[in-house]
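A.B. asks: Got coords.txt for you, compact mmCIF, C-alpha atoms:
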```
# COMPACT_ATOMS: atom_id res chain seq x y z
CA MET A 249 11.53 15.02 8.65
CA LEU A 250 12.22 15.07 4.94
CA THR A 251 15.64 16.63 4.40
CA LYS A 252 16.72 19.32 1.97
CA ARG A 253 18.91 17.76 -0.71
CA ILE A 254 22.36 18.77 -1.96
CA ILE A 255 22.95 17.76 -5.56
CA PRO A 256 26.25 18.08 -7.43
CA CYS A 257 25.82 18.29 -11.21
CA LEU A 258 28.36 16.71 -13.54
CA ASP A 259 28.59 17.73 -17.19
CA ILE A 260 29.42 14.72 -19.33
CA LYS A 261 30.81 14.72 -22.85
CA ASN A 262 31.53 11.46 -24.64
CA GLY A 263 31.38 9.60 -21.34
CA ARG A 264 33.85 11.90 -19.55
CA THR A 265 33.34 14.75 -17.10
CA VAL A 266 34.03 18.17 -18.53
CA LYS A 267 34.52 21.58 -16.96
CA GLY A 268 37.57 21.52 -14.83
CA VAL A 269 37.20 19.30 -11.87
CA ASN A 270 39.76 19.80 -9.16
CA PHE A 271 39.08 17.17 -6.61
CA VAL A 272 41.52 15.72 -4.18
CA ASP A 273 42.06 11.97 -3.92
CA LEU A 274 40.89 11.22 -7.43
CA ARG A 275 42.95 9.01 -9.67
CA ASP A 276 41.08 10.28 -12.71
CA ALA A 277 39.01 13.43 -12.34
CA GLY A 278 37.60 12.90 -15.82
CA ASP A 279 36.00 9.62 -14.84
CA PRO A 280 32.37 10.28 -13.89
CA VAL A 281 32.15 7.04 -11.92
CA GLU A 282 35.09 7.92 -9.67
CA LEU A 283 33.75 11.39 -9.11
CA ALA A 284 30.25 10.09 -8.41
CA LYS A 285 31.56 7.62 -5.85
CA GLN A 286 33.53 10.35 -4.16
CA TYR A 287 30.46 12.57 -3.96
CA ALA A 288 28.35 9.73 -2.54
CA ASP A 289 31.03 9.14 0.11
CA VAL A 290 31.13 12.77 1.25
CA GLY A 291 27.37 12.98 1.65
CA ALA A 292 25.85 14.22 -1.61
CA ASP A 293 22.16 13.28 -1.54
CA GLU A 294 21.74 12.77 -5.26
CA LEU A 295 23.66 13.35 -8.47
CA VAL A 296 22.72 14.84 -11.81
CA PHE A 297 24.60 13.94 -14.98
CA LEU A 298 24.07 16.32 -17.84
CA ASP A 299 25.08 14.86 -21.20
CA ILE A 300 26.40 17.62 -23.45
CA SER A 301 27.71 15.26 -26.15
CA ALA A 302 26.92 16.53 -29.59
CA THR A 303 27.10 13.22 -31.43
CA LEU A 304 25.24 9.93 -31.39
CA GLU A 305 28.48 8.12 -30.59
CA GLY A 306 28.97 10.39 -27.61
CA ARG A 307 25.47 9.62 -26.41
CA GLY A 308 26.16 5.91 -26.74
CA THR A 309 29.08 6.15 -24.33
CA THR A 310 26.76 7.84 -21.84
CA LEU A 311 24.59 4.72 -21.66
CA ASP A 312 27.66 2.74 -20.76
CA MET A 313 28.57 5.36 -18.15
CA VAL A 314 25.08 5.18 -16.62
CA LEU A 315 25.47 1.44 -16.26
CA ARG A 316 28.83 1.83 -14.51
CA VAL A 317 27.50 4.55 -12.19
CA ALA A 318 24.51 2.39 -11.24
CA GLU A 319 26.86 -0.50 -10.59
CA GLN A 320 29.10 1.40 -8.20
CA VAL A 321 27.14 4.29 -6.67
CA ASN A 322 24.62 3.76 -3.85
CA ILE A 323 22.67 7.04 -4.05
CA PRO A 324 20.04 8.09 -6.61
CA PHE A 325 21.00 9.84 -9.81
CA THR A 326 19.32 11.68 -12.69
CA VAL A 327 20.47 11.77 -16.30
CA GLY A 328 19.62 14.67 -18.59
CA GLY A 329 20.66 16.21 -21.88
CA GLY A 330 19.29 15.54 -25.34
CA ILE A 331 16.53 13.18 -24.20
CA SER A 332 13.50 13.36 -26.47
CA SER A 333 11.93 9.91 -26.76
CA VAL A 334 10.26 7.26 -24.63
CA GLU A 335 12.71 4.68 -26.05
CA HIS A 336 15.73 6.68 -24.93
CA VAL A 337 14.31 7.01 -21.41
CA ASP A 338 13.57 3.29 -21.37
CA GLN A 339 17.23 2.59 -22.20
CA LEU A 340 18.53 4.96 -19.51
CA LEU A 341 16.25 3.53 -16.81
CA HIS A 342 17.20 -0.01 -17.81
CA CYS A 343 20.85 0.93 -17.39
CA GLY A 344 20.02 1.95 -13.81
CA ALA A 345 19.28 5.70 -13.93
CA ASP A 346 16.70 6.60 -11.26
CA LYS A 347 15.30 9.64 -13.02
CA VAL A 348 15.65 11.44 -16.31
CA SER A 349 15.53 15.13 -16.90
CA ILE A 350 13.98 16.62 -20.04
CA ASN A 351 14.10 20.24 -21.10
CA SER A 352 13.80 21.59 -24.67
CA SER A 353 12.15 18.39 -25.91
CA ALA A 354 9.27 18.94 -23.46
CA VAL A 355 8.75 22.50 -24.72
CA LYS A 356 8.75 21.30 -28.33
CA ARG A 357 6.38 18.42 -27.57
CA PRO A 358 4.71 18.75 -24.14
CA GLU A 359 2.96 15.37 -24.58
CA LEU A 360 6.36 13.78 -23.90
CA VAL A 361 5.87 14.58 -20.19
CA ASN A 362 2.55 12.68 -20.17
CA GLU A 363 4.02 9.77 -22.11
CA LEU A 364 6.97 9.39 -19.75
CA SER A 365 4.99 9.73 -16.54
CA ASN A 366 2.33 7.30 -17.76
CA LYS A 367 4.87 4.72 -18.78
CA PHE A 368 7.50 5.06 -16.04
CA GLY A 369 5.75 7.00 -13.27
CA SER A 370 6.04 10.66 -12.26
CA GLN A 371 8.78 9.85 -9.76
CA CYS A 372 11.37 9.49 -12.51
CA VAL A 373 10.38 12.49 -14.66
CA VAL A 374 12.26 15.68 -13.88
CA VAL A 375 11.44 18.66 -16.08
CA ALA A 376 14.37 21.07 -16.28
CA ILE A 377 13.46 24.67 -17.06
CA ASP A 378 15.98 27.35 -18.01
CA ALA A 379 14.47 30.80 -17.68
CA LYS A 380 15.57 34.40 -17.77
CA GLU A 381 13.96 37.41 -16.18
CA VAL A 382 13.52 40.29 -18.62
CA ASP A 383 11.57 43.38 -17.52
CA GLY A 384 10.07 41.51 -14.59
CA GLN A 385 8.90 38.61 -16.77
CA TRP A 386 10.42 35.14 -16.46
CA LYS A 387 10.64 33.61 -19.93
CA VAL A 388 11.61 30.02 -20.71
CA HIS A 389 14.74 29.59 -22.82
CA LEU A 390 15.73 26.59 -24.91
CA ALA A 391 18.89 24.78 -26.00
CA GLY A 392 20.91 25.45 -22.88
CA GLY A 393 19.45 28.91 -22.51
CA SER A 394 20.45 30.18 -25.95
CA ILE A 395 17.00 30.43 -27.56
CA PRO A 396 14.37 32.68 -25.94
CA THR A 397 10.67 31.80 -26.09
CA ASP A 398 7.49 33.63 -25.16
CA ILE A 399 6.58 30.99 -22.61
CA ASP A 400 6.08 32.16 -19.03
CA LEU A 401 8.10 30.19 -16.48
CA PHE A 402 5.28 29.82 -13.94
CA GLU A 403 2.65 28.81 -16.49
CA TRP A 404 5.00 26.28 -18.03
CA ALA A 405 5.94 24.83 -14.64
CA LYS A 406 2.25 24.44 -13.74
CA GLU A 407 1.57 22.80 -17.09
CA VAL A 408 4.31 20.20 -16.73
CA GLU A 409 3.14 19.43 -13.18
CA THR A 410 -0.36 18.79 -14.56
CA ARG A 411 1.12 16.63 -17.31
CA GLY A 412 2.85 14.42 -14.73
CA ALA A 413 6.30 15.83 -13.95
CA GLY A 414 7.53 14.58 -10.57
CA GLU A 415 10.00 17.38 -9.98
CA ILE A 416 11.13 20.72 -11.45
CA LEU A 417 14.79 21.65 -11.91
CA PHE A 418 14.76 25.42 -12.36
CA THR A 419 17.89 27.20 -13.58
CA SER A 420 17.90 30.98 -13.58
CA MET A 421 19.92 32.28 -16.53
CA ASN A 422 20.29 35.56 -14.65
CA HIS A 423 22.03 33.83 -11.78
CA ASP A 424 23.83 30.89 -13.40
CA GLY A 425 27.59 31.33 -13.23
CA THR A 426 27.42 34.54 -11.16
CA LYS A 427 28.05 32.93 -7.76
CA ASN A 428 25.76 35.62 -6.33
CA GLY A 429 23.07 33.33 -4.97
CA PHE A 430 19.99 31.53 -6.29
CA ALA A 431 16.85 33.13 -7.79
CA ASN A 432 14.99 32.84 -4.51
CA GLU A 433 12.01 35.02 -5.31
CA ALA A 434 11.10 33.00 -8.40
CA LEU A 435 11.91 29.75 -6.59
CA ALA A 436 9.59 30.61 -3.70
CA LYS A 437 6.82 31.46 -6.14
CA LEU A 438 7.30 28.11 -7.89
CA SER A 439 7.31 26.27 -4.59
CA GLU A 440 4.12 27.99 -3.47
CA THR A 441 2.18 27.50 -6.68
CA LEU A 442 3.26 23.92 -7.36
CA ASN A 443 2.83 20.78 -5.27
CA ILE A 444 5.93 18.91 -6.51
CA PRO A 445 9.54 19.30 -5.33
CA ILE A 446 11.61 22.17 -6.77
CA ILE A 447 15.38 21.95 -7.32
CA ALA A 448 17.19 25.30 -7.31
CA SER A 449 19.99 25.73 -9.82
CA GLY A 450 22.24 28.61 -10.85
CA GLY A 451 24.11 31.04 -8.63
CA ALA A 452 25.64 29.02 -5.79
CA GLY A 453 28.74 30.80 -4.52
CA ASN A 454 28.87 30.32 -0.77
CA VAL A 455 27.19 28.53 2.13
CA GLN A 456 24.81 31.42 2.86
CA HIS A 457 23.37 31.05 -0.67
CA PHE A 458 22.30 27.52 0.19
CA ILE A 459 20.78 28.62 3.49
CA ASP A 460 18.91 31.38 1.65
CA THR A 461 17.53 29.17 -1.10
CA PHE A 462 16.13 26.72 1.44
CA GLU A 463 14.72 29.42 3.72
CA LEU A 464 13.75 32.28 1.38
CA GLY A 465 13.51 30.29 -1.87
CA LYS A 466 11.61 27.41 -0.20
CA SER A 467 13.58 25.07 -2.45
CA ASP A 468 13.47 21.34 -1.78
CA ALA A 469 16.94 20.73 -3.18
CA ALA A 470 19.88 22.79 -4.40
CA LEU A 471 22.08 21.90 -7.34
CA ALA A 472 25.55 23.25 -8.06
CA ALA A 473 28.62 22.32 -10.06
CA SER A 474 31.82 24.35 -9.81
CA VAL A 475 31.66 25.19 -6.08
CA PHE A 476 31.65 21.47 -5.42
CA HIS A 477 34.01 20.38 -8.19
CA PHE A 478 36.70 22.84 -7.15
CA GLY A 479 36.28 22.08 -3.47
CA GLU A 480 35.24 25.69 -2.76
CA ILE A 481 32.38 24.38 -0.66
CA PRO A 482 33.04 20.92 0.78
CA ILE A 483 29.72 19.09 1.12
CA PRO A 484 30.27 17.86 4.73
CA GLU A 485 30.94 21.43 5.90
CA LEU A 486 28.01 22.79 3.93
CA LYS A 487 25.70 20.27 5.55
CA LYS A 488 27.03 21.01 9.03
CA GLU A 489 26.38 24.72 8.47
CA LEU A 490 22.87 24.02 7.20
CA LYS A 491 22.16 21.88 10.25
CA ALA A 492 23.52 24.65 12.53
CA ASN A 493 21.00 26.94 10.83
CA HIS A 494 18.16 24.53 11.66
CA ILE A 495 17.80 23.26 8.13
CA GLU A 496 17.12 19.53 8.06
CA VAL A 497 19.87 17.66 6.21
CA ARG A 498 21.22 14.12 6.14
CA LEU A 499 24.51 14.02 8.01
CA MET B 270 22.66 -18.42 -1.51
CA LYS B 271 20.23 -18.24 -4.39
CA LEU B 272 18.61 -14.84 -4.59
CA VAL B 273 15.87 -14.21 -7.14
CA ILE B 274 14.54 -10.77 -8.06
CA ILE B 275 11.05 -11.19 -9.47
CA ASN B 276 11.11 -9.70 -12.94
CA TYR B 277 7.62 -8.73 -14.07
CA GLY B 278 8.51 -5.60 -16.00
CA ALA B 279 8.52 -3.16 -13.10
CA GLY B 280 11.35 -0.64 -13.12
CA ASN B 281 14.41 -0.35 -10.92
CA ILE B 282 15.57 -3.97 -11.07
CA LYS B 283 19.07 -3.14 -12.27
CA SER B 284 19.77 -0.94 -9.22
CA ILE B 285 18.68 -3.72 -6.86
CA GLN B 286 20.77 -6.28 -8.72
CA PHE B 287 23.82 -3.99 -8.53
CA ALA B 288 23.27 -3.33 -4.81
CA PHE B 289 23.43 -7.07 -4.09
CA LYS B 290 26.42 -7.41 -6.39
CA ARG B 291 28.19 -4.85 -4.19
CA LEU B 292 27.46 -7.28 -1.31
CA GLY B 293 28.97 -10.13 -3.30
CA ILE B 294 25.70 -11.81 -4.33
CA ASP B 295 24.71 -12.41 -7.95
CA ALA B 296 20.94 -12.08 -7.99
CA VAL B 297 18.97 -13.84 -10.71
CA LEU B 298 16.17 -11.99 -12.51
CA SER B 299 13.27 -14.31 -13.12
CA ASN B 300 9.55 -14.60 -13.69
CA ASN B 301 9.71 -18.39 -13.78
CA PRO B 302 7.59 -19.87 -10.92
CA GLU B 303 9.86 -22.90 -10.44
CA GLU B 304 12.96 -20.73 -10.21
CA ILE B 305 11.25 -18.38 -7.74
CA LEU B 306 10.03 -21.30 -5.59
CA ALA B 307 13.54 -22.78 -5.51
CA ALA B 308 15.21 -19.54 -4.35
CA ASP B 309 16.57 -19.06 -0.82
CA LYS B 310 15.45 -15.45 -0.78
CA VAL B 311 13.14 -13.48 -3.03
CA ILE B 312 13.01 -9.76 -3.85
CA PHE B 313 9.70 -8.33 -5.04
CA PRO B 314 10.54 -4.95 -6.61
CA GLY B 315 8.33 -2.37 -8.20
CA VAL B 316 8.33 1.11 -9.57
CA GLY B 317 5.49 2.49 -11.59
CA GLU B 318 1.73 2.39 -11.38
CA ALA B 319 -0.09 -0.08 -9.11
CA SER B 320 -2.99 -1.28 -11.25
CA SER B 321 -0.85 -2.02 -14.31
CA ALA B 322 1.79 -3.73 -12.14
CA MET B 323 -0.93 -5.85 -10.50
CA LYS B 324 -2.32 -6.73 -13.91
CA MET B 325 1.10 -7.99 -15.00
CA LEU B 326 1.32 -10.09 -11.82
CA GLU B 327 -2.10 -11.59 -12.42
CA GLU B 328 -1.52 -12.37 -16.07
CA SER B 329 1.76 -14.12 -15.29
CA GLY B 330 0.32 -16.15 -12.40
CA LEU B 331 2.77 -14.51 -9.98
CA ALA B 332 -0.13 -12.98 -8.01
CA ASP B 333 -1.08 -16.50 -6.88
CA LEU B 334 2.48 -17.65 -6.35
CA ILE B 335 3.91 -14.80 -4.21
CA PRO B 336 1.59 -15.16 -1.15
CA LYS B 337 2.41 -18.90 -1.03
CA LEU B 338 6.18 -18.45 -0.82
CA LYS B 339 7.80 -19.87 2.34
CA GLN B 340 11.28 -18.31 2.10
CA PRO B 341 12.01 -14.70 3.14
CA VAL B 342 10.48 -12.26 0.63
CA LEU B 343 11.32 -8.56 0.56
CA GLY B 344 8.98 -6.17 -1.23
CA ILE B 345 10.50 -2.82 -2.13
CA CYS B 346 8.50 0.40 -2.75
CA LEU B 347 5.55 -0.49 -5.00
CA GLY B 348 6.37 -4.15 -4.27
CA MET B 349 5.58 -3.52 -0.60
CA GLN B 350 2.40 -1.61 -1.47
CA LEU B 351 1.15 -4.45 -3.68
CA MET B 352 1.58 -6.84 -0.72
CA CYS B 353 -1.10 -4.87 1.16
CA LYS B 354 -4.88 -5.41 0.97
CA THR B 355 -5.73 -2.54 -1.34
CA THR B 356 -4.21 0.61 -2.78
CA GLU B 357 -5.98 3.78 -3.81
CA GLU B 358 -3.72 3.99 -6.86
CA GLY B 359 -5.97 2.82 -9.69
CA ASN B 360 -8.33 1.36 -6.99
CA THR B 361 -6.28 -1.80 -6.99
CA LYS B 362 -6.73 -4.96 -4.96
CA GLY B 363 -3.35 -6.13 -3.68
CA LEU B 364 -1.98 -9.50 -2.62
CA GLY B 365 -3.40 -9.16 0.92
CA ILE B 366 -0.27 -10.30 2.74
CA PHE B 367 -0.16 -7.23 4.99
CA GLN B 368 -3.48 -6.34 6.64
CA THR B 369 -3.44 -2.68 5.73
CA ASP B 370 -4.46 -0.30 2.96
CA VAL B 371 -2.42 2.09 0.86
CA LYS B 372 -3.65 5.70 0.55
CA ARG B 373 -2.58 8.78 -1.37
CA PHE B 374 -0.84 11.63 0.46
CA ASP B 375 -3.13 14.65 0.59
CA HIS B 376 -2.21 18.10 -0.68
CA SER B 377 -0.93 19.39 2.66
CA VAL B 378 2.47 18.05 1.57
CA LYS B 379 4.34 18.01 -1.74
CA VAL B 380 3.71 14.81 -3.67
CA PRO B 381 5.71 12.69 -4.42
CA HIS B 382 7.41 12.38 -1.05
CA MET B 383 10.88 12.51 -2.57
CA GLY B 384 14.26 12.40 -0.89
CA TRP B 385 15.82 11.33 2.39
CA ASN B 386 13.70 10.89 5.49
CA VAL B 387 14.17 9.00 8.74
CA ILE B 388 12.80 5.62 9.77
CA LYS B 389 12.09 5.05 13.47
CA ASP B 390 10.50 2.68 15.99
CA LEU B 391 12.43 -0.10 14.27
CA LYS B 392 11.16 -3.55 15.19
CA SER B 393 12.74 -6.30 13.12
CA ASP B 394 15.96 -8.20 12.48
CA LEU B 395 15.87 -6.46 9.13
CA PHE B 396 17.19 -3.37 10.96
CA LYS B 397 19.86 -5.11 13.03
CA GLY B 398 22.79 -2.73 13.64
CA LEU B 399 20.87 0.35 12.47
CA LYS B 400 20.33 3.38 14.65
CA GLU B 401 16.88 4.84 15.23
CA ASN B 402 16.19 7.80 12.93
CA GLU B 403 18.47 6.57 10.17
CA TYR B 404 17.99 8.29 6.80
CA MET B 405 16.61 6.31 3.87
CA TYR B 406 15.82 7.40 0.31
CA LEU B 407 12.12 7.46 -0.57
CA VAL B 408 10.10 8.31 -3.67
CA HIS B 409 6.38 7.67 -3.44
CA SER B 410 2.95 9.29 -3.66
CA TYR B 411 1.04 6.62 -1.71
CA TYR B 412 1.67 5.33 1.82
CA ALA B 413 0.68 2.29 3.89
CA GLU B 414 -1.42 2.93 6.98
CA HIS B 415 -0.21 1.53 10.27
CA CYS B 416 -1.23 -1.98 11.26
CA LYS B 417 0.02 -4.66 13.64
CA GLU B 418 2.65 -5.56 11.02
CA THR B 419 4.33 -2.13 11.12
CA ILE B 420 8.07 -2.51 11.80
CA ALA B 421 9.23 1.04 10.95
CA LYS B 422 7.57 4.45 10.93
CA THR B 423 8.15 7.66 8.99
CA ASP B 424 6.62 11.13 9.26
CA TYR B 425 5.53 13.04 6.19
CA GLY B 426 2.49 15.18 6.90
CA LEU B 427 1.31 12.19 8.89
CA ASN B 428 2.92 9.13 10.45
CA TYR B 429 2.82 6.03 8.24
CA ALA B 430 4.28 2.53 8.01
CA SER B 431 7.58 2.70 6.12
CA ALA B 432 8.21 -1.02 6.68
CA LEU B 433 6.00 -4.04 7.33
CA GLN B 434 6.54 -7.66 8.29
CA HIS B 435 4.25 -10.66 8.38
CA ASN B 436 5.99 -14.00 9.04
CA ASN B 437 8.46 -14.51 6.17
CA PHE B 438 7.18 -11.47 4.26
CA TYR B 439 8.95 -8.13 4.59
CA GLY B 440 8.17 -4.86 2.87
CA VAL B 441 10.00 -1.53 2.80
CA GLN B 442 8.66 1.70 1.34
CA PHE B 443 12.14 3.18 0.97
CA HIS B 444 14.86 2.11 -1.45
CA PRO B 445 17.60 0.33 0.52
CA GLU B 446 19.47 -0.14 -2.75
CA LYS B 447 19.77 3.65 -3.08
CA SER B 448 20.21 4.53 0.59
CA GLY B 449 23.97 4.53 0.94
CA THR B 450 25.81 2.26 3.37
CA GLU B 451 22.91 2.09 5.86
CA GLY B 452 20.58 0.88 3.11
CA ALA B 453 23.14 -1.75 2.17
CA LYS B 454 23.08 -2.97 5.81
CA ILE B 455 19.36 -3.67 5.48
CA LEU B 456 19.96 -5.73 2.32
CA GLN B 457 22.74 -7.62 4.12
CA ASN B 458 20.40 -8.23 7.07
CA PHE B 459 17.83 -9.65 4.66
CA LEU B 460 20.46 -11.99 3.23
CA ASP B 461 21.35 -13.05 6.79
CA LEU B 462 17.75 -13.87 7.82
```
For the structure just supplied, provide its representation as structure tokens.

C.D. replies:
Amino acid sequence: MLTKRIIPCLDIKNGRTVKGVNFVDLRDAGDPVELAKQYADVGADELVFLDISATLEGRGTTLDMVLRVAEQVNIPFTVGGGISSVEHVDQLLHCGADKVSINSSAVKRPELVNELSNKFGSQCVVVAIDAKEVDGQWKVHLAGGSIPTDIDLFEWAKEVETRGAGEILFTSMNHDGTKNGFANEALAKLSETLNIPIIASGGAGNVQHFIDTFELGKSDAALAASVFHFGEIPIPELKKELKANHIEVRL
Amino acid sequence: MKLVIINYGAGNIKSIQFAFKRLGIDAVLSNNPEEILAADKVIFPGVGEASSAMKMLEESGLADLIPKLKQPVLGICLGMQLMCKTTEEGNTKGLGIFQTDVKRFDHSVKVPHMGWNVIKDLKSDLFKGLKENEYMYLVHSYYAEHCKETIAKTDYGLNYASALQHNNFYGVQFHPEKSGTEGAKILQNFLDL
């Protein structure tokens, strides 16, 4: 059976991991390659690197990082953050990234999704959507969630699926950072209306939240950052608990 | 050991090259027929769309060359699918090495089939030292139907051939280069053939 996936997300700035990472046995917690290797060893199913560099120089170091991750890490990984052109995606894939994730650039120019899936295949095109629920309406937000739009989450998700997205990474702004659990109602609706995998993001705080997002949220994968980086939820234990709850995982 | 990865412009070559480097083998990327013929082992990769990949193979003459190779050849993902008779993707005629057809998953399951799933009923030296039901990483929207060349099976909505073998030709639907230490074992087994 296809397993549910556990995906740690690493924020990268100028080729280094940011946000405090408090991981045992690491010589250099700021080195994304070391951290990625560690995560692969403890059973992460995939990794996401989110480039939050503000400058071109910073972005350049990310390409070099992608190459080093591909060289040393034996599980798939996605790179996102500031990607807006076919050329940029071409570079990232050539450096060994398995997938890319696009967000605001797809909202600004939806044709980008078609262009990428036609050229590289749907399997490597992840569309990340940040959305916030206001008065019962889920609205897409841009630029890391700071700019609201009038676009409905579910309509937008359906549109990017039609345009060739291979996967949706949905972050609920209402849940992100709260550690109160994932947006399972919206996730289940996405999973039921779409026929591509859905990655849940935002709200992971404990093991039960992961169980809930796979059972109630019908998510195909769950992404989290701090609970993994600070060792609050060790991945081997999380997976054992999921298995004990009859959720298919790779152990 | 001279290992050549056929380079015809189809995707994930870097990852495969790195995976062999982790096993201590420097693979050469090449589309040169003489270099491919002279290799001890050949990898036939592929990510992307079948009809355009097949077109590139035909234009470069590799479509004629690959079925004539005598050394062990390993097709990965789309590479494996293009070694079959036909694929529904772009209604494409394949190389006809494996006597089976490639179909699209129907809508009873999410497509692409993406993530880790098990391979079972393993029947080849390619899987030496692997347990039944080992997890491999897969990303694909089309699958090969079973045939007498099936050497591994996977369930996703239906049961399909996740690996095939005909004489010196091997094909795997999954990505051994992205499937952790167990995937690396398969690549090592291929080197040891």

A.B. asks: For a quick check of understanding, using all atoms listed in the file, which of A:Pro445, A:Gly429, A:Gly330, A:Pro256 has the smallest distance to chain B?

C.D. replies: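 Selected residue with least distance to chain B: A:Pro445.
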
A.B. asks: Determine which residues of chain A sit within 6 Å of chain B, taking into account all atoms listed in the file, and present them as a PyMOL selection string.

C.D. replies: chain A and resi 249-251+319+322-324+344+368-369+443-444

A.B. asks: Hey, can you check how far atom CA of Val337 of chain A sits from atom CA of Gly291 of chain A?

C.D. replies: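 So the answer is 27.2 Å.
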
A.B. asks: Residues within 9 Å of Leu401 of chain A, please, as a PyMOL selection string. Count all atoms listed in the file; anything in the same chain fewer than 2 positions from it doesn't count.

C.D. replies: chain A and resi 377-380+385-388+399+403-406+438

A.B. asks: Restricting the calculation to all atoms listed in the file: of A:Ile446, A:Val321, A:Leu499, A:Ala413, which residue gets closest to Glu485 of chain A?

C.D. replies: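 Once distances to Glu485 of chain A are computed over all atoms listed in the file, the minimum belongs to A:Leu499.
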